[in-house]
>>> print(open('coords.txt').read())   # compact mmCIF, C-alpha atoms and all ligand atoms
# COMPACT_ATOMS: atom_id res chain seq x y z
CA MET A 1 0.00 0.00 0.00
CA ASP A 2 1.29 3.48 -0.89
CA GLN A 3 1.86 5.67 2.09
CA HIS A 4 -0.74 8.35 2.76
CA VAL A 5 -1.52 10.02 6.06
CA LEU A 6 -5.07 10.98 7.04
CA VAL A 7 -5.44 13.41 9.93
CA VAL A 8 -8.79 13.90 11.70
CA PHE A 9 -9.13 16.66 14.28
CA PRO A 10 -11.97 19.00 15.23
CA HIS A 11 -10.23 22.38 15.51
CA PRO A 12 -7.94 24.51 13.41
CA ASP A 13 -4.62 24.31 15.35
CA ASP A 14 -5.07 20.71 16.63
CA GLU A 15 -2.98 19.57 13.66
CA THR A 16 -0.23 22.02 14.59
CA PHE A 17 0.09 21.86 18.36
CA GLY A 18 -0.38 18.10 18.62
CA CYS A 19 1.43 16.77 15.58
CA GLY A 20 2.72 19.58 13.36
CA GLY A 21 6.28 18.31 13.51
CA THR A 22 5.38 14.71 12.73
CA LEU A 23 3.24 15.86 9.79
CA ALA A 24 5.97 18.18 8.52
CA LEU A 25 8.43 15.26 8.51
CA PHE A 26 5.96 13.11 6.56
CA ALA A 27 5.41 15.92 4.05
CA LYS A 28 9.15 16.46 3.69
CA SER A 29 9.65 12.82 2.79
CA GLY A 30 7.00 13.12 0.09
CA ILE A 31 4.12 11.34 1.84
CA PRO A 32 0.78 12.96 0.97
CA ILE A 33 -1.37 14.18 3.85
CA THR A 34 -5.13 14.67 3.89
CA TYR A 35 -6.58 16.62 6.79
CA ILE A 36 -10.23 16.39 7.85
CA CYS A 37 -10.87 19.41 10.07
CA GLY A 38 -14.22 19.16 11.86
CA THR A 39 -15.05 22.73 12.80
CA LEU A 40 -13.70 26.25 12.47
CA GLY A 41 -13.15 26.61 16.21
CA GLN A 42 -15.97 29.15 16.25
CA MET A 43 -16.34 29.11 20.04
CA GLY A 44 -12.72 29.56 21.06
CA ARG A 45 -12.11 32.19 23.71
CA ASN A 46 -8.68 33.22 22.47
CA MET A 47 -9.11 36.26 20.27
CA GLY A 48 -5.44 37.19 19.91
CA LYS A 49 -3.28 39.14 22.32
CA PRO A 50 -4.05 41.97 22.19
CA PHE A 51 -7.36 40.68 20.86
CA PHE A 52 -8.15 41.39 17.24
CA ALA A 53 -11.02 38.93 16.69
CA ASN A 54 -14.50 38.78 18.12
CA ARG A 55 -17.10 36.01 18.36
CA GLU A 56 -18.44 36.85 14.90
CA THR A 57 -15.18 37.38 13.02
CA LEU A 58 -13.34 34.45 14.63
CA PRO A 59 -14.50 31.66 12.25
CA LYS A 60 -13.19 33.38 9.12
CA ILE A 61 -9.97 34.41 10.81
CA ARG A 62 -9.34 30.85 12.04
CA GLU A 63 -10.16 29.42 8.63
CA ALA A 64 -7.50 31.63 7.05
CA GLU A 65 -5.03 30.71 9.81
CA LEU A 66 -5.74 27.03 9.21
CA GLU A 67 -4.94 27.36 5.52
CA LYS A 68 -1.73 29.19 6.27
CA ALA A 69 -0.66 26.55 8.81
CA CYS A 70 -1.45 23.72 6.38
CA LYS A 71 0.71 25.43 3.78
CA ALA A 72 3.57 25.75 6.28
CA ILE A 73 3.36 22.08 7.28
CA GLY A 74 2.87 20.77 3.74
CA ILE A 75 -0.73 19.54 4.05
CA ARG A 76 -2.09 19.87 0.53
CA HIS A 77 -5.53 18.36 0.90
CA LEU A 78 -7.84 19.92 3.47
CA ILE A 79 -11.42 18.73 3.99
CA LYS A 80 -13.63 20.89 6.23
CA LEU A 81 -16.52 18.95 7.73
CA GLY A 82 -18.50 22.11 8.52
CA LEU A 83 -19.43 21.10 12.05
CA ARG A 84 -19.73 23.61 14.85
CA ASP A 85 -17.23 23.97 17.66
CA LYS A 86 -18.33 22.32 20.94
CA THR A 87 -21.29 20.51 19.35
CA ILE A 88 -19.80 17.32 17.90
CA GLU A 89 -20.74 15.14 20.88
CA PHE A 90 -24.37 16.23 20.44
CA GLU A 91 -24.64 15.47 16.73
CA ASP A 92 -26.16 12.35 15.26
CA PRO A 93 -22.99 10.23 14.95
CA GLU A 94 -24.07 8.18 11.93
CA PRO A 95 -23.68 10.76 9.12
CA ILE A 96 -20.29 11.81 10.46
CA VAL A 97 -19.00 8.24 10.74
CA THR A 98 -20.28 7.55 7.22
CA ARG A 99 -18.55 10.64 5.83
CA ILE A 100 -15.24 9.68 7.44
CA GLU A 101 -15.65 6.10 6.21
CA GLN A 102 -16.20 7.41 2.64
CA ILE A 103 -13.04 9.48 2.86
CA LEU A 104 -11.12 6.48 4.25
CA ARG A 105 -12.23 4.39 1.25
CA GLU A 106 -11.25 7.14 -1.19
CA VAL A 107 -7.94 8.16 0.33
CA ARG A 108 -6.91 4.65 1.46
CA PRO A 109 -4.52 6.00 4.09
CA SER A 110 -1.74 3.88 5.53
CA LEU A 111 -1.86 5.89 8.75
CA VAL A 112 -4.60 7.83 10.55
CA LEU A 113 -3.88 10.43 13.22
CA THR A 114 -6.70 11.43 15.55
CA HIS A 115 -7.42 12.12 19.21
CA TYR A 116 -7.48 9.31 21.74
CA PRO A 117 -11.15 9.03 22.78
CA GLY A 118 -11.59 9.73 26.46
CA TYR A 119 -8.09 11.11 26.99
CA ALA A 120 -7.98 14.23 24.82
CA VAL A 121 -9.52 16.74 27.26
CA HIS A 122 -11.84 18.72 24.94
CA PRO A 123 -15.26 17.08 24.35
CA ASP A 124 -14.89 17.67 20.59
CA HIS A 125 -11.52 15.87 20.61
CA ASN A 126 -12.95 12.86 22.39
CA ALA A 127 -16.07 12.79 20.21
CA LEU A 128 -14.38 13.10 16.82
CA GLY A 129 -11.61 10.68 17.84
CA GLY A 130 -14.31 8.15 18.75
CA LEU A 131 -16.19 8.68 15.48
CA THR A 132 -12.98 8.27 13.49
CA ILE A 133 -12.19 5.01 15.22
CA ARG A 134 -15.73 3.79 14.53
CA ALA A 135 -15.20 4.63 10.85
CA VAL A 136 -11.87 2.77 10.74
CA SER A 137 -13.49 -0.24 12.41
CA ARG A 138 -15.89 -0.51 9.47
CA LEU A 139 -13.04 -1.36 7.12
CA SER A 140 -12.02 -4.96 6.65
CA MET A 141 -8.93 -5.99 8.63
CA GLN A 142 -6.59 -5.88 5.63
CA ASP A 143 -7.77 -2.39 4.62
CA ARG A 144 -7.37 -0.84 8.04
CA PRO A 145 -4.71 1.81 8.46
CA THR A 146 -2.55 2.10 11.52
CA VAL A 147 -4.09 4.59 13.96
CA TYR A 148 -1.96 6.94 16.02
CA ALA A 149 -4.06 8.45 18.79
CA HIS A 150 -3.07 11.68 20.51
CA ALA A 151 -3.77 11.90 24.25
CA PHE A 152 -2.88 14.64 26.68
CA ALA A 153 -5.31 14.40 29.59
CA ARG A 154 -3.66 14.81 32.95
CA ASN A 155 -2.53 11.44 34.31
CA CYS A 156 -3.70 9.65 31.17
CA GLN A 157 -0.56 7.52 31.30
CA ASP A 158 -1.79 5.99 34.55
CA VAL A 159 -4.58 4.40 32.54
CA ILE A 160 -3.32 3.92 28.99
CA GLY A 161 0.37 3.60 29.77
CA PRO A 162 3.21 5.46 28.10
CA PRO A 163 3.03 6.37 24.40
CA ASP A 164 4.58 3.76 22.12
CA ILE A 165 5.42 6.29 19.40
CA VAL A 166 7.74 9.11 20.41
CA ASN A 167 8.89 11.14 17.43
CA ASP A 168 11.95 13.36 17.54
CA ILE A 169 10.73 16.38 15.61
CA SER A 170 13.71 18.68 16.20
CA LYS A 171 14.48 18.66 12.47
CA ALA A 172 11.00 20.09 11.83
CA ALA A 173 10.95 22.47 14.80
CA ASP A 174 11.15 25.54 12.55
CA VAL A 175 8.22 24.34 10.44
CA LYS A 176 6.13 23.59 13.49
CA TYR A 177 6.97 26.99 14.92
CA ALA A 178 5.90 28.67 11.67
CA ALA A 179 2.60 26.76 11.78
CA ILE A 180 2.08 27.81 15.41
CA LEU A 181 2.63 31.43 14.42
CA ALA A 182 0.17 31.00 11.54
CA HIS A 183 -2.52 30.30 14.16
CA ARG A 184 -2.00 33.82 15.37
CA SER A 185 -5.33 34.28 17.18
CA GLN A 186 -4.64 31.17 19.23
CA SER A 187 -0.89 31.08 19.68
CA GLN A 188 -0.24 34.53 21.09
CA VAL A 189 -1.54 33.36 24.46
CA MET A 190 -0.05 29.88 24.10
CA LEU A 191 3.46 30.05 22.74
CA PRO A 192 5.43 26.81 22.59
CA ARG A 193 6.31 25.38 25.95
CA ASP A 194 7.92 22.29 27.42
CA ASN A 195 9.31 20.16 24.63
CA MET A 196 6.57 20.95 22.14
CA LEU A 197 9.21 21.65 19.49
CA GLN A 198 11.31 18.56 20.22
CA ARG A 199 9.00 15.60 20.63
CA GLU A 200 5.51 14.43 19.73
CA SER A 201 3.98 11.29 21.21
CA PHE A 202 1.21 8.97 20.12
CA TRP A 203 -0.44 5.77 21.19
CA THR A 204 -1.07 3.13 18.55
CA TYR A 205 -4.79 2.48 18.84
CA ARG A 206 -6.09 -1.06 18.33
CA CYS A 207 -9.49 -0.81 16.64
CA SER A 208 -11.80 -3.62 17.59
CA MET B 209 -13.78 45.99 19.21
CA ASN B 210 -13.25 49.10 21.29
CA PRO B 211 -13.53 49.83 25.02
CA ILE B 212 -17.16 50.35 25.94
CA GLU B 213 -18.49 53.88 25.93
CA ARG B 214 -21.85 53.95 27.63
CA SER B 215 -22.91 57.01 25.67
CA ILE B 216 -22.66 54.98 22.45
CA VAL B 217 -23.86 51.60 23.71
CA GLN B 218 -26.98 52.90 25.47
CA PRO B 219 -28.56 54.36 22.28
CA ALA B 220 -27.61 51.17 20.46
CA LEU B 221 -29.51 49.12 23.07
CA ASP B 222 -32.47 51.48 22.68
CA SER B 223 -32.49 50.98 18.92
CA PHE B 224 -33.49 47.32 19.37
CA LEU B 225 -36.38 48.03 21.78
CA ASN B 226 -39.75 46.34 21.29
CA GLN B 227 -38.93 44.22 18.29
CA GLU B 228 -37.87 40.64 17.76
CA VAL B 229 -34.07 40.41 17.85
CA TYR B 230 -31.59 37.54 17.73
CA LEU B 231 -29.53 37.06 20.85
CA HIS B 232 -26.12 35.49 21.35
CA LEU B 233 -25.32 35.23 25.05
CA GLU B 234 -22.29 33.36 26.29
CA THR B 235 -19.95 32.89 29.16
CA THR B 236 -16.87 30.69 29.29
CA ASN B 237 -13.71 30.14 31.28
CA GLY B 238 -12.18 28.19 28.40
CA ALA B 239 -12.37 24.57 27.38
CA TYR B 240 -9.07 23.84 29.13
CA ALA B 241 -9.67 25.60 32.44
CA ALA B 242 -9.77 22.42 34.50
CA HIS B 243 -7.02 20.78 32.46
CA ARG B 244 -4.68 23.71 33.05
CA GLN B 245 -5.82 23.84 36.66
CA GLU B 246 -6.71 27.51 36.26
CA SER B 247 -9.99 26.56 37.84
CA LYS B 248 -11.49 23.41 39.32
CA MET B 249 -14.22 23.36 36.72
CA THR B 250 -14.59 24.12 33.06
CA ILE B 251 -17.58 26.43 32.81
CA GLY B 252 -19.42 27.54 29.72
CA ALA B 253 -22.91 28.29 28.52
CA TYR B 254 -24.29 29.88 25.44
CA ILE B 255 -27.44 30.51 23.51
CA ARG B 256 -27.09 31.43 19.84
CA ASN B 257 -29.93 32.92 17.87
CA GLY B 258 -32.35 32.95 20.75
CA ARG B 259 -35.23 35.21 19.74
CA ILE B 260 -36.22 37.80 22.25
CA SER B 261 -37.94 41.12 22.52
CA TYR B 262 -37.18 43.55 25.34
CA ILE B 263 -39.03 46.54 26.67
CA ARG B 264 -36.12 48.14 28.50
CA GLY B 265 -32.38 47.72 27.94
CA THR B 266 -29.76 49.37 30.13
CA ILE B 267 -25.99 49.41 30.46
CA THR B 268 -24.65 50.24 33.92
CA GLY B 269 -21.43 50.17 35.91
CA GLU B 270 -18.11 51.96 35.71
CA GLY B 271 -16.37 49.25 33.75
CA PRO B 272 -16.45 46.37 33.43
CA TYR B 273 -20.09 47.03 32.64
CA ARG B 274 -23.36 45.20 33.14
CA VAL B 275 -26.29 44.97 30.78
CA GLY B 276 -29.84 44.04 31.69
CA LEU B 277 -32.59 43.55 29.14
CA LYS B 278 -36.06 43.52 30.63
CA MET B 279 -38.52 41.39 28.69
CA LYS B 280 -42.23 41.16 29.20
CA ASP B 281 -41.76 37.80 30.94
CA GLY B 282 -38.17 37.81 32.12
CA TRP B 283 -34.63 39.13 31.95
CA VAL B 284 -31.38 38.81 30.06
CA TYR B 285 -28.30 39.71 32.07
CA ALA B 286 -24.57 39.92 31.44
CA GLU B 287 -21.76 41.11 33.67
CA GLY B 288 -18.10 41.81 33.01
CA LEU B 289 -18.51 43.53 29.63
CA THR B 290 -15.50 45.57 28.53
CA ASP B 291 -15.65 46.07 24.75
CA PHE B 292 -18.17 46.80 22.02
CA ASP B 293 -18.50 46.73 18.26
CA LEU B 294 -21.13 48.43 16.10
CA GLU B 295 -19.39 47.98 12.81
CA GLN B 296 -22.10 45.93 11.15
CA GLU B 297 -25.48 47.45 10.44
CA GLY B 298 -28.16 46.08 12.76
CA LYS B 299 -25.69 44.32 15.07
CA LEU B 300 -24.42 45.22 18.51
CA LEU B 301 -21.57 43.09 19.88
CA LEU B 302 -20.58 43.37 23.52
CA ALA B 303 -17.85 41.27 25.09
CA GLY B 304 -15.85 41.00 28.28
CA HIS B 305 -12.17 40.16 27.96
CA ASP B 306 -9.83 39.13 30.75
CA GLU B 307 -6.36 40.58 31.26
CA GLU B 308 -4.99 38.12 28.69
CA GLY B 309 -7.49 39.35 26.09
CA ARG B 310 -9.47 36.11 26.26
CA LEU B 311 -13.22 36.16 25.90
CA ALA B 312 -15.06 35.57 29.17
CA VAL B 313 -18.55 36.80 28.37
CA ALA B 314 -20.42 37.96 25.28
CA LEU B 315 -23.80 39.54 24.68
CA GLU B 316 -24.75 40.23 21.09
CA LEU B 317 -27.95 41.46 19.47
CA SER B 318 -28.84 41.36 15.80
CA LEU B 319 -31.82 41.99 13.56
CA GLU B 320 -30.67 39.07 11.36
CA PRO B 321 -29.73 35.60 12.63
CA PHE B 322 -26.08 35.16 13.55
CA GLU B 323 -24.13 32.88 11.25
CA LEU B 324 -23.93 29.22 12.14
ZN ZN C 401 -8.75 21.18 19.67
>>> encode(input="coords.txt", output="C-alpha cells")
Amino acid sequence: MDQHVLVVFPHPDDETFGCGGTLALFAKSGIPITYICGTLGQMGRNMGKPFFANRETLPKIREAELEKACKAIGIRHLIKLGLRDKTIEFEDPEPIVTRIEQILREVRPSLVLTHYPGYAVHPDHNALGGLTIRAVSRLSMQDRPTVYAHAFARNCQDVIGPPDIVNDISKAADVKYAAILAHRSQSQVMLPRDNMLQRESFWTYRCS
Amino acid sequence: MNPIERSIVQPALDSFLNQEVYLHLETTNGAYAAHRQESKMTIGAYIRNGRISYIRGTITGEGPYRVGLKMKDGWVYAEGLTDFDLEQEGKLLLAGHDEEGRLAVALELSLEPFEL
C-alpha cells in the first residue's frame, strides 16, 4: 500500500500543536497528507493578544489561519466537515461516521492520526476521535490503516500507559513553529512550551 | 472591538427596543480551564440565535459594565462587559475580555440571525 496520512481533528490548530512536527516530517519525505478538520473553532475564547477577533469574526480568521498553517506544514488536501465547535458530541454520529468512512475508502490511508477518545480533554476531541475510530473499524482488517491516537489528559498515562510512538521532531521544529505562528489568534496566548518543538507522542490504537 | 463607551452603547440598546431580535449570550472560562488547573471546573454556557424582545435595555457600571434587558416575561443579564463593536449594520456586539485578552462573556444582538 502506498503511504498516505489521514489526519482527523476538530479544531484549526489541533494539527499544529499536537502533531505539526510529525506531519511536517511526513510531508518532507513526500508522503501525501489529507486533513479532515471538523469545525472552524468558532467558540474559542482566544481572540489574539491583544485581541483582534471577536465572536463573529473568529471563524473566518481561524479558517485563514488554518490554511496558512497547512501550507507551512505541507498539508495539501484539506477537507472541512463544517461542524460547529463544541457541538460534535451532540450530533447524530451516523452521518459523520459515514462521511469519514467514505473518505477512508477514497484516500486509502496507511496511517490515521486522531485524538485518543476519552483522553484528549476537549469534548470535541474525544467525540471526533471516537467517530474516526468507529469509521476505521468498518473497514475490513486488511484495509485498516494504523491509527496513532493523541492523548494529553492529565494522568492519562496511569490508565493507557506510556506512548509507544515518540517522534523526535527537532528537524521540523522551525516548520512547526511557523505553523504555530500561523494560528496567530490562538498562539499569542499559548506560545510553545515544554518540549513541544522537540517531541511528539502517540499511542497506537487497536481498533476492535 | 473598542472599550465600551456607555454614551454609544446605550442608544444602540435602545435601537433594538420592542422588536424581535436575535440574541447570542455566552460565558466561558475556556475549554481547558480544568485541564490547566486555572480553575477546578470548566464552565461555559451559550445561547445562539435565541429570539427575544425587550421593553427596557440598560448598560450600567463603571467598567467592566453590566447589561440588563427587561422582557415582558423575564430578563437577560450579562456582567463583566469591557468592549463593544457596532461595525455591522443592525448588530451590537458586547464582550468581556480578561487581562490576557481572552473572551469571558459575550452579549450580542442582531436583527438578522447570527451565522452558524
Ligand atoms: Zn482542539
>>> residues_near_ligand(input="coords.txt", ligand="ligand ZN 401 (chain C)", cutoff="12 Å", atoms="all atoms listed in the file", output="ChimeraX atom specification")
/A:8-19,37-44,85-86,88,114-115,120-129,150-152,186 /B:238-240
>>> residues_around(input="coords.txt", residues="Gly298 of chain B", least_positions_apart="4", cutoff="10 Å", atoms="all atoms listed in the file", output="PyMOL selection string")
chain B and resi 220+223-224+229+294+317-320
>>> axis_aligned_box(input="coords.txt", around="segment 63-69 of chain A", padding_each_side="6 Å", output="JSON")
{"center_x": -5.4, "center_y": 29.1, "center_z": 7.7, "size_x": 21.5, "size_y": 17.1, "size_z": 16.3}
>>> atom_distance(input="coords.txt", atom1="atom CA of Arg259 of chain B", atom2="atom CA of Leu301 of chain B")
15.8 Å
>>> closest_residue(input="coords.txt", among="B:Ala286, B:Ile263, B:Ala241, B:Val217", to="chain A", atoms="only C-alpha atoms")
B:Ala241
>>> atom_distance(input="coords.txt", atom1="atom CA of Ile36 of chain A", atom2="atom CA of Lys80 of chain A")
5.9 Å
>>> closest_atom_pairs(input="coords.txt", of="chain A", to="chain B", cutoff="9 Å", atoms="all atoms listed in the file", output="Markdown table")
| residue | atom | partner | partner_atom | distance |
| --- | --- | --- | --- | --- |
| A:Gln42 | CA | B:Leu324 | CA | 9.0 |
| A:Gly44 | CA | B:Gly238 | CA | 7.5 |
| A:Arg45 | CA | B:Leu311 | CA | 4.7 |
| A:Asn46 | CA | B:Arg310 | CA | 4.8 |
| A:Met47 | CA | B:Arg310 | CA | 6.0 |
| A:Gly48 | CA | B:Gly309 | CA | 6.9 |
| A:Lys49 | CA | B:Gly309 | CA | 5.7 |
| A:Pro50 | CA | B:Gly309 | CA | 5.8 |
| A:Phe51 | CA | B:Gly309 | CA | 5.4 |
| A:Phe52 | CA | B:Met209 | CA | 7.5 |
| A:Ala53 | CA | B:Met209 | CA | 8.0 |
| A:Asn54 | CA | B:Met209 | CA | 7.3 |
| A:Arg55 | CA | B:Ala314 | CA | 7.9 |
| A:Glu56 | CA | B:Glu323 | CA | 7.8 |
| A:Arg84 | CA | B:Leu324 | CA | 7.5 |
| A:Val121 | CA | B:His243 | CA | 7.0 |
| A:His122 | CA | B:Ala239 | CA | 6.4 |
| A:Pro123 | CA | B:Ala239 | CA | 8.6 |
| A:Ala153 | CA | B:His243 | CA | 7.2 |
| A:Arg154 | CA | B:His243 | CA | 6.9 |
| A:Val189 | CA | B:Glu308 | CA | 7.2 |
>>> atom_distance(input="coords.txt", atom1="atom CA of Gly252 of chain B", atom2="atom CA of Val97 of chain A")
27.1 Å
>>> decode(input="coords.txt", residues="segment 135-146 of chain A", atoms="all heavy atoms", output="JSON list (two decimals), in the first residue's frame")
[["chain", "number", "residue", "atom", "x", "y", "z"],
["A", 135, "ALA", "N", -15.29, 4.70, 12.32],
["A", 135, "ALA", "CA", -15.20, 4.63, 10.85],
["A", 135, "ALA", "C", -14.11, 3.64, 10.42],
["A", 135, "ALA", "O", -14.32, 2.82, 9.52],
["A", 135, "ALA", "CB", -14.95, 6.02, 10.27],
["A", 136, "VAL", "N", -12.97, 3.69, 11.08],
["A", 136, "VAL", "CA", -11.87, 2.77, 10.74],
["A", 136, "VAL", "C", -12.31, 1.33, 10.99],
["A", 136, "VAL", "O", -12.00, 0.43, 10.20],
["A", 136, "VAL", "CB", -10.60, 3.10, 11.56],
["A", 136, "VAL", "CG1", -9.53, 2.02, 11.39],
["A", 136, "VAL", "CG2", -10.03, 4.46, 11.16],
["A", 137, "SER", "N", -13.06, 1.12, 12.06],
["A", 137, "SER", "CA", -13.49, -0.24, 12.41],
["A", 137, "SER", "C", -14.42, -0.84, 11.37],
["A", 137, "SER", "O", -14.65, -2.05, 11.36],
["A", 137, "SER", "CB", -14.19, -0.24, 13.77],
["A", 137, "SER", "OG", -13.35, 0.33, 14.74],
["A", 138, "ARG", "N", -15.00, -0.01, 10.52],
["A", 138, "ARG", "CA", -15.89, -0.51, 9.47],
["A", 138, "ARG", "C", -15.13, -1.06, 8.27],
["A", 138, "ARG", "O", -15.73, -1.67, 7.38],
["A", 138, "ARG", "CB", -16.83, 0.61, 9.00],
["A", 138, "ARG", "CG", -17.87, 0.94, 10.05],
["A", 138, "ARG", "CD", -18.85, 1.96, 9.54],
["A", 138, "ARG", "NE", -19.81, 2.29, 10.58],
["A", 138, "ARG", "CZ", -20.78, 3.17, 10.45],
["A", 138, "ARG", "NH1", -20.91, 3.84, 9.30],
["A", 138, "ARG", "NH2", -21.61, 3.41, 11.44],
["A", 139, "LEU", "N", -13.84, -0.81, 8.22],
["A", 139, "LEU", "CA", -13.04, -1.36, 7.12],
["A", 139, "LEU", "C", -12.66, -2.80, 7.46],
["A", 139, "LEU", "O", -12.55, -3.16, 8.63],
["A", 139, "LEU", "CB", -11.76, -0.53, 6.91],
["A", 139, "LEU", "CG", -11.95, 0.97, 6.65],
["A", 139, "LEU", "CD1", -10.58, 1.64, 6.49],
["A", 139, "LEU", "CD2", -12.80, 1.22, 5.42],
["A", 140, "SER", "N", -12.46, -3.59, 6.40],
["A", 140, "SER", "CA", -12.02, -4.96, 6.65],
["A", 140, "SER", "C", -10.60, -4.92, 7.22],
["A", 140, "SER", "O", -9.86, -3.95, 6.99],
["A", 140, "SER", "CB", -12.06, -5.77, 5.36],
["A", 140, "SER", "OG", -11.12, -5.21, 4.45],
["A", 141, "MET", "N", -10.24, -5.94, 7.95],
["A", 141, "MET", "CA", -8.93, -5.99, 8.63],
["A", 141, "MET", "C", -7.78, -5.59, 7.72],
["A", 141, "MET", "O", -6.92, -4.81, 8.09],
["A", 141, "MET", "CB", -8.68, -7.39, 9.19],
["A", 141, "MET", "CG", -9.40, -7.66, 10.49],
["A", 141, "MET", "SD", -8.81, -6.57, 11.81],
["A", 141, "MET", "CE", -9.68, -7.26, 13.20],
["A", 142, "GLN", "N", -7.76, -6.14, 6.48],
["A", 142, "GLN", "CA", -6.59, -5.88, 5.63],
["A", 142, "GLN", "C", -6.58, -4.45, 5.07],
["A", 142, "GLN", "O", -5.55, -3.98, 4.62],
["A", 142, "GLN", "CB", -6.46, -6.91, 4.49],
["A", 142, "GLN", "CG", -7.52, -6.85, 3.43],
["A", 142, "GLN", "CD", -8.67, -7.83, 3.71],
["A", 142, "GLN", "OE1", -8.92, -8.19, 4.87],
["A", 142, "GLN", "NE2", -9.35, -8.28, 2.69],
["A", 143, "ASP", "N", -7.72, -3.77, 5.12],
["A", 143, "ASP", "CA", -7.77, -2.39, 4.62],
["A", 143, "ASP", "C", -7.52, -1.35, 5.72],
["A", 143, "ASP", "O", -7.42, -0.16, 5.44],
["A", 143, "ASP", "CB", -9.14, -2.10, 3.99],
["A", 143, "ASP", "CG", -9.34, -2.82, 2.68],
["A", 143, "ASP", "OD1", -8.31, -3.14, 2.04],
["A", 143, "ASP", "OD2", -10.49, -3.09, 2.29],
["A", 144, "ARG", "N", -7.46, -1.81, 6.94],
["A", 144, "ARG", "CA", -7.37, -0.84, 8.04],
["A", 144, "ARG", "C", -5.99, -0.21, 8.14],
["A", 144, "ARG", "O", -4.98, -0.91, 8.16],
["A", 144, "ARG", "CB", -7.67, -1.52, 9.37],
["A", 144, "ARG", "CG", -9.15, -1.69, 9.59],
["A", 144, "ARG", "CD", -9.43, -2.21, 10.96],
["A", 144, "ARG", "NE", -10.77, -2.79, 10.98],
["A", 144, "ARG", "CZ", -11.27, -3.48, 11.98],
["A", 144, "ARG", "NH1", -10.54, -3.70, 13.07],
["A", 144, "ARG", "NH2", -12.50, -3.95, 11.91],
["A", 145, "PRO", "N", -5.97, 1.13, 8.23],
["A", 145, "PRO", "CA", -4.71, 1.81, 8.46],
["A", 145, "PRO", "C", -4.27, 1.66, 9.91],
["A", 145, "PRO", "O", -5.08, 1.33, 10.78],
["A", 145, "PRO", "CB", -5.05, 3.26, 8.16],
["A", 145, "PRO", "CG", -6.51, 3.38, 8.48],
["A", 145, "PRO", "CD", -7.12, 2.05, 8.15],
["A", 146, "THR", "N", -3.01, 1.93, 10.15],
["A", 146, "THR", "CA", -2.55, 2.10, 11.52],
["A", 146, "THR", "C", -3.17, 3.37, 12.07],
["A", 146, "THR", "O", -3.35, 4.34, 11.33],
["A", 146, "THR", "CB", -1.01, 2.25, 11.52],
["A", 146, "THR", "OG1", -0.46, 1.12, 10.87],
["A", 146, "THR", "CG2", -0.44, 2.37, 12.93]]
